[in-house]
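File shown: final-v8.pdb (PDB, C-alpha atoms).
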ATOM      1  CA  MET A   1       0.000   0.000   0.000
ATOM      2  CA  TYR A   2       1.133   3.539  -0.757
ATOM      3  CA  ASP A   3       0.323   6.922   0.745
ATOM      4  CA  ALA A   4      -0.548   9.669  -1.737
ATOM      5  CA  ILE A   5      -0.061  13.425  -1.854
ATOM      6  CA  ILE A   6      -2.345  15.575  -4.014
ATOM      7  CA  LEU A   7      -0.768  18.861  -5.144
ATOM      8  CA  ALA A   8      -3.727  21.243  -4.890
ATOM      9  CA  GLY A   9      -2.081  24.646  -4.512
ATOM     10  CA  GLY A  10      -1.795  25.709  -8.152
ATOM     11  CA  GLU A  11      -3.389  29.085  -8.870
ATOM     12  CA  ASN A  12      -5.928  29.462 -11.651
ATOM     13  CA  ASN A  13      -3.903  30.611 -14.666
ATOM     14  CA  GLU A  14      -4.750  33.390 -17.087
ATOM     15  CA  HIS A  15      -6.029  30.957 -19.716
ATOM     16  CA  LEU A  16      -8.746  29.576 -17.439
ATOM     17  CA  HIS A  17      -9.514  32.713 -15.445
ATOM     18  CA  ARG A  18     -11.827  33.958 -18.192
ATOM     19  CA  TYR A  19     -13.947  30.831 -17.780
ATOM     20  CA  THR A  20     -14.032  30.454 -14.009
ATOM     21  CA  ALA A  21     -13.380  32.854 -11.139
ATOM     22  CA  GLN A  22     -12.022  30.156  -8.819
ATOM     23  CA  PRO A  23      -8.614  31.311  -7.521
ATOM     24  CA  TYR A  24      -7.181  27.762  -7.479
ATOM     25  CA  GLU A  25      -7.276  25.167 -10.251
ATOM     26  CA  ALA A  26      -8.100  22.389  -7.792
ATOM     27  CA  LEU A  27     -11.392  24.099  -6.942
ATOM     28  CA  ILE A  28     -12.644  24.592 -10.500
ATOM     29  CA  ASP A  29     -16.136  23.159 -10.835
ATOM     30  CA  ILE A  30     -16.602  20.002 -12.885
ATOM     31  CA  ALA A  31     -20.177  18.679 -12.956
ATOM     32  CA  GLY A  32     -21.006  20.284  -9.620
ATOM     33  CA  LYS A  33     -17.831  19.388  -7.700
ATOM     34  CA  PRO A  34     -14.314  20.814  -7.342
ATOM     35  CA  MET A  35     -12.090  18.733  -9.590
ATOM     36  CA  VAL A  36      -9.726  17.872  -6.738
ATOM     37  CA  GLU A  37     -12.558  15.797  -5.245
ATOM     38  CA  TYR A  38     -12.533  13.494  -8.290
ATOM     39  CA  VAL A  39      -8.793  12.957  -7.888
ATOM     40  CA  ALA A  40      -9.192  12.131  -4.198
ATOM     41  CA  GLU A  41     -12.059   9.733  -4.953
ATOM     42  CA  ALA A  42     -10.002   7.874  -7.571
ATOM     43  CA  LEU A  43      -7.149   7.479  -5.089
ATOM     44  CA  ALA A  44      -9.502   6.327  -2.333
ATOM     45  CA  THR A  45     -10.981   3.716  -4.678
ATOM     46  CA  SER A  46      -7.572   2.335  -5.643
ATOM     47  CA  SER A  47      -6.674  -0.985  -4.048
ATOM     48  CA  HIS A  48      -3.076   0.222  -3.626
ATOM     49  CA  VAL A  49      -3.566   3.565  -1.837
ATOM     50  CA  SER A  50      -3.694   4.013   1.932
ATOM     51  CA  ARG A  51      -3.691   7.589   3.270
ATOM     52  CA  ILE A  52      -4.311  10.657   1.099
ATOM     53  CA  PHE A  53      -2.764  14.042   1.898
ATOM     54  CA  VAL A  54      -4.296  17.015   0.064
ATOM     55  CA  ALA A  55      -1.775  19.882   0.079
ATOM     56  CA  GLY A  56      -2.798  23.409  -0.831
ATOM     57  CA  PRO A  57      -4.919  26.301   0.503
ATOM     58  CA  ALA A  58      -6.144  24.630   3.690
ATOM     59  CA  GLU A  59      -9.096  26.934   4.378
ATOM     60  CA  GLU A  60     -10.561  26.563   0.890
ATOM     61  CA  LEU A  61      -9.866  22.821   0.729
ATOM     62  CA  GLY A  62     -11.613  22.423   4.072
ATOM     63  CA  LYS A  63     -14.893  23.225   2.317
ATOM     64  CA  CYS A  64     -14.510  20.259  -0.036
ATOM     65  CA  SER A  65     -15.926  16.783   0.532
ATOM     66  CA  PHE A  66     -13.036  14.338   0.678
ATOM     67  CA  PRO A  67     -12.923  10.599   1.463
ATOM     68  CA  GLU A  68     -12.473   9.675   5.116
ATOM     69  CA  LYS A  69      -8.823   8.686   4.570
ATOM     70  CA  ALA A  70      -7.923  12.186   3.278
ATOM     71  CA  VAL A  71      -5.998  14.739   5.373
ATOM     72  CA  ILE A  72      -5.660  18.422   4.414
ATOM     73  CA  LEU A  73      -2.239  20.112   4.612
ATOM     74  CA  SER A  74      -1.165  23.697   3.980
ATOM     75  CA  GLY A  75       0.870  23.859   0.779
ATOM     76  CA  GLY A  76       4.069  25.758  -0.018
ATOM     77  CA  GLN A  77       4.923  28.548  -2.449
ATOM     78  CA  THR A  78       6.202  26.178  -5.144
ATOM     79  CA  ILE A  79       5.415  22.662  -6.299
ATOM     80  CA  MET A  80       8.633  21.274  -4.834
ATOM     81  CA  GLU A  81       8.053  23.066  -1.529
ATOM     82  CA  THR A  82       4.568  21.576  -1.361
ATOM     83  CA  ILE A  83       5.958  18.120  -2.132
ATOM     84  CA  SER A  84       8.563  18.558   0.617
ATOM     85  CA  LEU A  85       5.895  19.570   3.144
ATOM     86  CA  GLY A  86       3.788  16.582   2.150
ATOM     87  CA  MET A  87       6.713  14.202   2.519
ATOM     88  CA  LYS A  88       7.443  15.528   6.023
ATOM     89  CA  ALA A  89       3.820  14.904   7.016
ATOM     90  CA  LEU A  90       4.039  11.240   6.009
ATOM     91  CA  GLY A  91       6.087  10.142   8.992
ATOM     92  CA  HIS A  92       7.944   7.550   6.886
ATOM     93  CA  GLU A  93      10.325   7.224   3.937
ATOM     94  CA  ASN A  94       8.448   4.651   1.885
ATOM     95  CA  LEU A  95       7.637   5.188  -1.780
ATOM     96  CA  THR A  96       4.832   7.740  -2.053
ATOM     97  CA  LEU A  97       2.445   8.611  -4.870
ATOM     98  CA  VAL A  98       2.392  12.289  -5.889
ATOM     99  CA  VAL A  99      -0.600  13.398  -7.966
ATOM    100  CA  THR A 100      -1.635  16.771  -9.368
ATOM    101  CA  ALA A 101      -5.129  18.026  -8.525
ATOM    102  CA  ASP A 102      -5.998  18.964 -12.108
ATOM    103  CA  ILE A 103      -6.573  15.468 -13.559
ATOM    104  CA  PRO A 104     -10.256  14.831 -12.728
ATOM    105  CA  LEU A 105     -10.533  11.982 -15.253
ATOM    106  CA  LEU A 106      -8.104   9.922 -13.169
ATOM    107  CA  THR A 107      -9.369   6.415 -12.399
ATOM    108  CA  ALA A 108      -8.475   3.748  -9.876
ATOM    109  CA  ALA A 109      -7.684   1.408 -12.779
ATOM    110  CA  ALA A 110      -5.085   3.844 -14.148
ATOM    111  CA  ILE A 111      -3.531   4.256 -10.697
ATOM    112  CA  ASP A 112      -3.421   0.514 -10.024
ATOM    113  CA  ASP A 113      -1.880  -0.264 -13.417
ATOM    114  CA  PHE A 114       0.828   2.370 -12.880
ATOM    115  CA  LEU A 115       1.668   1.101  -9.399
ATOM    116  CA  ARG A 116       1.710  -2.535 -10.526
ATOM    117  CA  GLN A 117       4.227  -1.677 -13.238
ATOM    118  CA  CYS A 118       6.323   0.332 -10.782
ATOM    119  CA  ALA A 119       6.508  -2.668  -8.444
ATOM    120  CA  SER A 120       8.513  -4.606 -11.043
ATOM    121  CA  VAL A 121      11.249  -1.936 -11.274
ATOM    122  CA  ASN A 122      13.709  -0.731  -8.626
ATOM    123  CA  ALA A 123      13.894   3.091  -8.730
ATOM    124  CA  ASP A 124      13.611   6.312  -6.721
ATOM    125  CA  VAL A 125      11.235   8.156  -9.050
ATOM    126  CA  TYR A 126       8.718   6.629 -11.462
ATOM    127  CA  TYR A 127       7.071   8.710 -14.203
ATOM    128  CA  PRO A 128       4.395   7.608 -16.689
ATOM    129  CA  VAL A 129       4.301   8.372 -20.400
ATOM    130  CA  ILE A 130       1.407   7.745 -22.766
ATOM    131  CA  ALA A 131       1.815   7.018 -26.474
ATOM    132  CA  GLN A 132       0.222   9.572 -28.780
ATOM    133  CA  CYS A 133      -1.787   6.830 -30.483
ATOM    134  CA  ASP A 134      -3.277   5.719 -27.144
ATOM    135  CA  HIS A 135      -4.112   9.291 -26.174
ATOM    136  CA  GLU A 136      -5.738  10.175 -29.483
ATOM    137  CA  ARG A 137      -7.680   6.922 -29.532
ATOM    138  CA  ARG A 138      -9.183   7.774 -26.133
ATOM    139  CA  PHE A 139      -9.538  11.538 -26.613
ATOM    140  CA  PRO A 140      -9.554  12.333 -30.349
ATOM    141  CA  GLY A 141      -8.842  15.975 -31.120
ATOM    142  CA  ASN A 142      -7.409  16.828 -27.699
ATOM    143  CA  LYS A 143      -4.080  18.654 -27.994
ATOM    144  CA  ARG A 144      -1.175  17.713 -25.727
ATOM    145  CA  THR A 145       2.541  18.444 -25.573
ATOM    146  CA  TYR A 146       4.238  15.505 -27.297
ATOM    147  CA  VAL A 147       7.861  14.412 -27.475
ATOM    148  CA  ARG A 148       9.026  12.435 -30.520
ATOM    149  CA  LEU A 149      11.450   9.697 -29.516
ATOM    150  CA  LYS A 150      12.883   6.714 -31.359
ATOM    151  CA  GLU A 151      10.300   4.351 -29.830
ATOM    152  CA  GLY A 152       7.384   6.614 -30.730
ATOM    153  CA  THR A 153       5.700   9.882 -29.777
ATOM    154  CA  PHE A 154       4.676  10.370 -26.144
ATOM    155  CA  THR A 155       3.035  12.758 -23.728
ATOM    156  CA  GLY A 156       3.667  12.769 -19.992
ATOM    157  CA  GLY A 157       1.367  11.744 -17.178
ATOM    158  CA  ASN A 158       0.619  13.709 -14.038
ATOM    159  CA  ILE A 159       1.342  11.188 -11.307
ATOM    160  CA  PHE A 160       4.692  10.159  -9.864
ATOM    161  CA  LEU A 161       5.903   7.532  -7.441
ATOM    162  CA  VAL A 162       8.685   9.031  -5.320
ATOM    163  CA  ASN A 163      11.181   7.943  -2.692
ATOM    164  CA  PRO A 164      10.898  10.703  -0.015
ATOM    165  CA  ARG A 165      14.589  10.416   0.835
ATOM    166  CA  ILE A 166      15.692  11.847  -2.519
ATOM    167  CA  VAL A 167      13.436  14.933  -2.509
ATOM    168  CA  PRO A 168      15.820  17.373  -0.713
ATOM    169  CA  GLN A 169      18.672  16.771  -3.171
ATOM    170  CA  CYS A 170      16.433  17.176  -6.226
ATOM    171  CA  VAL A 171      14.648  20.446  -5.439
ATOM    172  CA  GLN A 172      16.721  22.871  -7.529
ATOM    173  CA  VAL A 173      16.921  20.821 -10.730
ATOM    174  CA  ALA A 174      13.364  19.535 -10.346
ATOM    175  CA  GLU A 175      12.076  23.134 -10.223
ATOM    176  CA  GLN A 176      13.750  23.769 -13.603
ATOM    177  CA  ILE A 177      12.251  20.612 -15.082
ATOM    178  CA  ILE A 178       8.783  21.536 -13.794
ATOM    179  CA  ALA A 179       9.074  25.094 -15.149
ATOM    180  CA  ASN A 180       9.905  23.752 -18.626
ATOM    181  CA  ARG A 181       7.670  20.677 -18.622
ATOM    182  CA  LYS A 182       5.541  21.986 -21.519
ATOM    183  CA  ASN A 183       8.580  22.790 -23.682
ATOM    184  CA  PRO A 184      10.384  19.667 -24.975
ATOM    185  CA  VAL A 185      13.256  21.649 -26.538
ATOM    186  CA  ARG A 186      14.074  23.471 -23.295
ATOM    187  CA  LEU A 187      13.927  20.181 -21.436
ATOM    188  CA  CYS A 188      16.476  18.770 -23.860
ATOM    189  CA  PHE A 189      18.743  21.774 -23.237
ATOM    190  CA  LEU A 190      18.683  20.865 -19.545
ATOM    191  CA  LEU A 191      19.873  17.391 -20.509
ATOM    192  CA  GLY A 192      22.724  18.660 -22.732
ATOM    193  CA  TRP A 193      23.528  19.503 -26.361
ATOM    194  CA  ILE A 194      23.788  15.909 -27.530
ATOM    195  CA  PHE A 195      20.190  15.399 -26.418
ATOM    196  CA  VAL A 196      19.065  18.470 -28.371
ATOM    197  CA  VAL A 197      20.605  17.047 -31.542
ATOM    198  CA  LYS A 198      19.166  13.571 -30.971
ATOM    199  CA  PHE A 199      15.759  15.073 -30.190
ATOM    200  CA  ILE A 200      15.764  17.114 -33.404
ATOM    201  CA  VAL A 201      16.665  14.133 -35.603
ATOM    202  CA  GLY A 202      14.296  11.793 -33.748
ATOM    203  CA  SER A 203      16.945   9.343 -32.512
ATOM    204  CA  LEU A 204      16.588  10.031 -28.780
ATOM    205  CA  LYS A 205      15.506   6.939 -26.817
ATOM    206  CA  LEU A 206      13.367   6.669 -23.696
ATOM    207  CA  THR A 207      16.142   4.764 -21.962
ATOM    208  CA  GLN A 208      18.618   7.572 -22.733
ATOM    209  CA  VAL A 209      16.309  10.196 -21.249
ATOM    210  CA  GLU A 210      15.745   7.976 -18.223
ATOM    211  CA  ALA A 211      19.495   7.511 -17.684
ATOM    212  CA  ARG A 212      20.385  11.190 -18.189
ATOM    213  CA  VAL A 213      17.715  12.479 -15.801
ATOM    214  CA  SER A 214      18.919   9.925 -13.265
ATOM    215  CA  ASP A 215      22.477  11.268 -13.627
ATOM    216  CA  ILE A 216      21.431  14.914 -13.287
ATOM    217  CA  LEU A 217      19.296  14.310 -10.201
ATOM    218  CA  ARG A 218      21.696  11.675  -8.790
ATOM    219  CA  ILE A 219      18.855   9.212  -8.419
ATOM    220  CA  LYS A 220      17.467   6.153 -10.172
ATOM    221  CA  GLY A 221      14.559   7.137 -12.409
ATOM    222  CA  ALA A 222      12.153   4.872 -14.277
ATOM    223  CA  VAL A 223       9.833   5.686 -17.161
ATOM    224  CA  ILE A 224       6.586   3.694 -17.103
ATOM    225  CA  ARG A 225       4.577   3.325 -20.310
ATOM    226  CA  SER A 226       0.905   3.575 -19.414
ATOM    227  CA  PRO A 227      -2.021   2.792 -21.726
ATOM    228  CA  TYR A 228      -4.288   5.094 -19.684
ATOM    229  CA  ALA A 229      -4.669   8.463 -21.431
ATOM    230  CA  GLU A 230      -6.515   9.821 -18.382
ATOM    231  CA  LEU A 231      -3.137  10.314 -16.698
ATOM    232  CA  GLY A 232      -2.235  12.978 -19.258
ATOM    233  CA  ILE A 233      -5.381  15.121 -19.187
ATOM    234  CA  ASP A 234      -4.425  18.002 -16.899
ATOM    235  CA  VAL A 235      -6.852  20.920 -17.025
ATOM    236  CA  ASP A 236      -4.673  23.927 -17.794
ATOM    237  CA  LYS A 237      -6.426  25.458 -20.804
ATOM    238  CA  PRO A 238     -10.045  26.074 -21.917
ATOM    239  CA  SER A 239     -10.141  23.122 -24.328
ATOM    240  CA  ASP A 240      -9.161  20.764 -21.481
ATOM    241  CA  LEU A 241     -11.863  22.203 -19.238
ATOM    242  CA  GLU A 242     -14.438  21.751 -21.992
ATOM    243  CA  LEU A 243     -13.282  18.170 -22.601
ATOM    244  CA  VAL A 244     -13.578  17.018 -18.996
ATOM    245  CA  ARG A 245     -16.953  18.726 -18.550
ATOM    246  CA  ILE A 246     -18.244  16.947 -21.649
ATOM    247  CA  CYS A 247     -16.805  13.663 -20.378
ATOM    248  CA  PHE A 248     -18.609  13.936 -17.051
ATOM    249  CA  ALA A 249     -21.818  15.016 -18.759
ATOM    250  CA  GLN A 250     -21.592  11.879 -20.909
ATOM    251  CA  THR A 251     -20.099   9.698 -18.124
ATOM    252  CA  CYS A 252     -16.937   9.463 -20.269
TER     253      CYS A 252
END

Before anything else, please render the file you have as structure tokens.
Amino acid sequence: MYDAIILAGGENNEHLHRYTAQPYEALIDIAGKPMVEYVAEALATSSHVSRIFVAGPAEELGKCSFPEKAVILSGGQTIMETISLGMKALGHENLTLVVTADIPLLTAAAIDDFLRQCASVNADVYYPVIAQCDHERRFPGNKRTYVRLKEGTFTGGNIFLVNPRIVPQCVQVAEQIIANRKNPVRLCFLLGWIFVVKFIVGSLKLTQVEARVSDILRIKGAVIRSPYAELGIDVDKPSDLELVRICFAQTC
């Protein structure tokens, strides 16, 4: 069993502010509920998740309806600070699931599949990727940030399995990776010039990215290929908000 931390402190960005006045993305209404509630419910339904820590604006989150196993924490000023606060609240150093609050289409099946795959690999950080063909089959027409690699074209998921012991040493570099997560070219620059060249010509491999990130962060990272496109639908632009609202209206 794994504990989970939901990152619920992200402010509503300028792209979504025209469509909803909620100050925090986690609280944006989807079919009558704040979308963070759907994330918490998916985690609570998973057969692999124990406690759930919801980290963000404590007063506002206190008005939400969370599963009994959920605990609300005050978040930090940055994503990594919030992760660090969540890790301290755990009271242990076992592998912990970190999930963003803006993926309301998350399902227990997607979580369980990810964690089952992680269990077969020894690493400090596990990160899911979804093939473009799988994403477009599930959500045709939805636009994501894709990276073209030798094995195929992929988009990233929004859940991570993390060893709490490595968080302090990764903060600085991880903040840079997070800041550039929507820009594949800038991410390659962080990895080095040879990766920029390989990325441009399409010869960069998943295993090479995995190894280089591990070297930079001084950890063991593992990329997990997930068939669940729901992991990649983070609501950060109007078209995403429209998609998830349509999905819930149609019980997607």

Chain and number of each residue from the PyMOL selection byres ((chain A and resi 96) around 6), as a PyMOL selection string: chain A and resi 2-4+95+97+161-162

For range 11-14 of chain A, work out the shell of residues within 10 Å, counting all atoms listed in the file and skipping chain neighbours fewer than 5 positions away, then give it as an mmCIF file with C-alpha atoms, in the frame of the given file.
data_model
loop_
_atom_site.group_PDB
_atom_site.id
_atom_site.type_symbol
_atom_site.label_atom_id
_atom_site.label_comp_id
_atom_site.auth_asym_id
_atom_site.auth_seq_id
_atom_site.Cartn_x
_atom_site.Cartn_y
_atom_site.Cartn_z
ATOM 1 C CA TYR A 19 -13.947 30.831 -17.780
ATOM 2 C CA THR A 20 -14.032 30.454 -14.009
ATOM 3 C CA ALA A 21 -13.380 32.854 -11.139
ATOM 4 C CA GLN A 22 -12.022 30.156 -8.819
ATOM 5 C CA PRO A 23 -8.614 31.311 -7.521
ATOM 6 C CA TYR A 24 -7.181 27.762 -7.479
ATOM 7 C CA GLU A 25 -7.276 25.167 -10.251
ATOM 8 C CA ALA A 26 -8.100 22.389 -7.792
ATOM 9 C CA LEU A 27 -11.392 24.099 -6.942
ATOM 10 C CA ILE A 28 -12.644 24.592 -10.500
ATOM 11 C CA GLY A 56 -2.798 23.409 -0.831
ATOM 12 C CA PRO A 57 -4.919 26.301 0.503
ATOM 13 C CA ASP A 236 -4.673 23.927 -17.794
ATOM 14 C CA LYS A 237 -6.426 25.458 -20.804
#

Residues returned when the PyMOL selection byres ((chain A and resi 101) around 8) runs on this file, as an MDAnalysis selection string: chainID A and resid 6:8 25:26 35:36 39 99:100 102:104

Using the selection just defined, write its residues with C-alpha atoms as a PDB file, in the frame of the given file.
ATOM      1  CA  ILE A   6      -2.345  15.575  -4.014  1.00  0.00           C
ATOM      2  CA  LEU A   7      -0.768  18.861  -5.144  1.00  0.00           C
ATOM      3  CA  ALA A   8      -3.727  21.243  -4.890  1.00  0.00           C
ATOM      4  CA  GLU A  25      -7.276  25.167 -10.251  1.00  0.00           C
ATOM      5  CA  ALA A  26      -8.100  22.389  -7.792  1.00  0.00           C
ATOM      6  CA  MET A  35     -12.090  18.733  -9.590  1.00  0.00           C
ATOM      7  CA  VAL A  36      -9.726  17.872  -6.738  1.00  0.00           C
ATOM      8  CA  VAL A  39      -8.793  12.957  -7.888  1.00  0.00           C
ATOM      9  CA  VAL A  99      -0.600  13.398  -7.966  1.00  0.00           C
ATOM     10  CA  THR A 100      -1.635  16.771  -9.368  1.00  0.00           C
ATOM     11  CA  ASP A 102      -5.998  18.964 -12.108  1.00  0.00           C
ATOM     12  CA  ILE A 103      -6.573  15.468 -13.559  1.00  0.00           C
ATOM     13  CA  PRO A 104     -10.256  14.831 -12.728  1.00  0.00           C
TER      14      PRO A 104
END

Of the listed residues A:Gln169, A:Thr251, A:Asn163, A:Thr145, that which approaches Gly232 in chain A most closely, counting only C-alpha atoms: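 For Gly232 in chain A, the nearest of the given residues is A:Thr145.
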
Neighbour residues at most 12 Å from (-4.2, 0.5, -10.4) (all atoms listed in the file) as an MDAnalysis selection string: chainID A and resid 1:2 42:49 97 106:119 226:228 231

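For the pair CA of Gly62 in chain A and CA of Gln250 in chain A, the separation is 28.9 Å.
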
Separation of CA of Leu85 in chain A from CA of Glu175 in chain A, in Å and rounded to one decimal: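 Straight-line distance from CA of Leu85 in chain A to CA of Glu175 in chain A works out to 15.2 Å.
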
From A:Gln172, A:Ser203, A:Thr78, A:Thr155, residue lying nearest Asp134 in chain A [only C-alpha atoms]: A:Thr155

Computed interatomic separation between CA of Val98 in chain A and CA of Ile159 in chain A (Å): 5.6 Å

Nearest residue to Met87 in chain A from the set A:Lys205, A:Arg218, A:Lys143, A:Arg165 (distances using only C-alpha atoms): A:Arg165

Using the partial input, fill out range 222-237 of chain A with N, CA and C atoms; write the result as a short mmCIF file (atom, residue, chain, number, x, y, z; two decimals), in the frame of the given file.
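Below is the file that was written, part05.cif:
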data_model
loop_
_atom_site.label_atom_id
_atom_site.label_comp_id
_atom_site.auth_asym_id
_atom_site.auth_seq_id
_atom_site.Cartn_x
_atom_site.Cartn_y
_atom_site.Cartn_z
N ALA A 222 12.75 5.90 -13.42
CA ALA A 222 12.15 4.87 -14.28
C ALA A 222 10.96 5.45 -15.02
N VAL A 223 10.96 5.27 -16.34
CA VAL A 223 9.83 5.69 -17.16
C VAL A 223 8.88 4.50 -17.31
N ILE A 224 7.61 4.74 -17.03
CA ILE A 224 6.59 3.69 -17.10
C ILE A 224 5.63 4.02 -18.25
N ARG A 225 5.49 3.10 -19.18
CA ARG A 225 4.58 3.32 -20.31
C ARG A 225 3.17 2.88 -19.91
N SER A 226 2.28 3.85 -19.83
CA SER A 226 0.90 3.58 -19.41
C SER A 226 -0.05 3.64 -20.61
N PRO A 227 -1.02 2.73 -20.66
CA PRO A 227 -2.02 2.79 -21.73
C PRO A 227 -3.18 3.72 -21.38
N TYR A 228 -3.16 4.29 -20.17
CA TYR A 228 -4.29 5.09 -19.68
C TYR A 228 -4.08 6.58 -19.99
N ALA A 229 -4.80 7.06 -21.01
CA ALA A 229 -4.67 8.46 -21.43
C ALA A 229 -5.16 9.43 -20.37
N GLU A 230 -6.00 8.96 -19.45
CA GLU A 230 -6.52 9.82 -18.38
C GLU A 230 -5.40 10.45 -17.55
N LEU A 231 -4.26 9.79 -17.48
CA LEU A 231 -3.14 10.31 -16.70
C LEU A 231 -2.58 11.60 -17.30
N GLY A 232 -2.81 11.82 -18.59
CA GLY A 232 -2.24 12.98 -19.26
C GLY A 232 -3.16 14.16 -19.42
N ILE A 233 -4.42 14.03 -19.01
CA ILE A 233 -5.38 15.12 -19.19
C ILE A 233 -5.37 16.03 -17.97
N ASP A 234 -4.44 16.99 -17.96
CA ASP A 234 -4.42 18.00 -16.90
C ASP A 234 -5.14 19.25 -17.42
N VAL A 235 -6.02 19.79 -16.61
CA VAL A 235 -6.85 20.92 -17.02
C VAL A 235 -6.07 22.22 -16.83
N ASP A 236 -5.41 22.67 -17.90
CA ASP A 236 -4.67 23.93 -17.79
C ASP A 236 -4.97 24.89 -18.94
N LYS A 237 -5.99 24.55 -19.75
CA LYS A 237 -6.43 25.46 -20.80
C LYS A 237 -7.91 25.22 -21.08
#
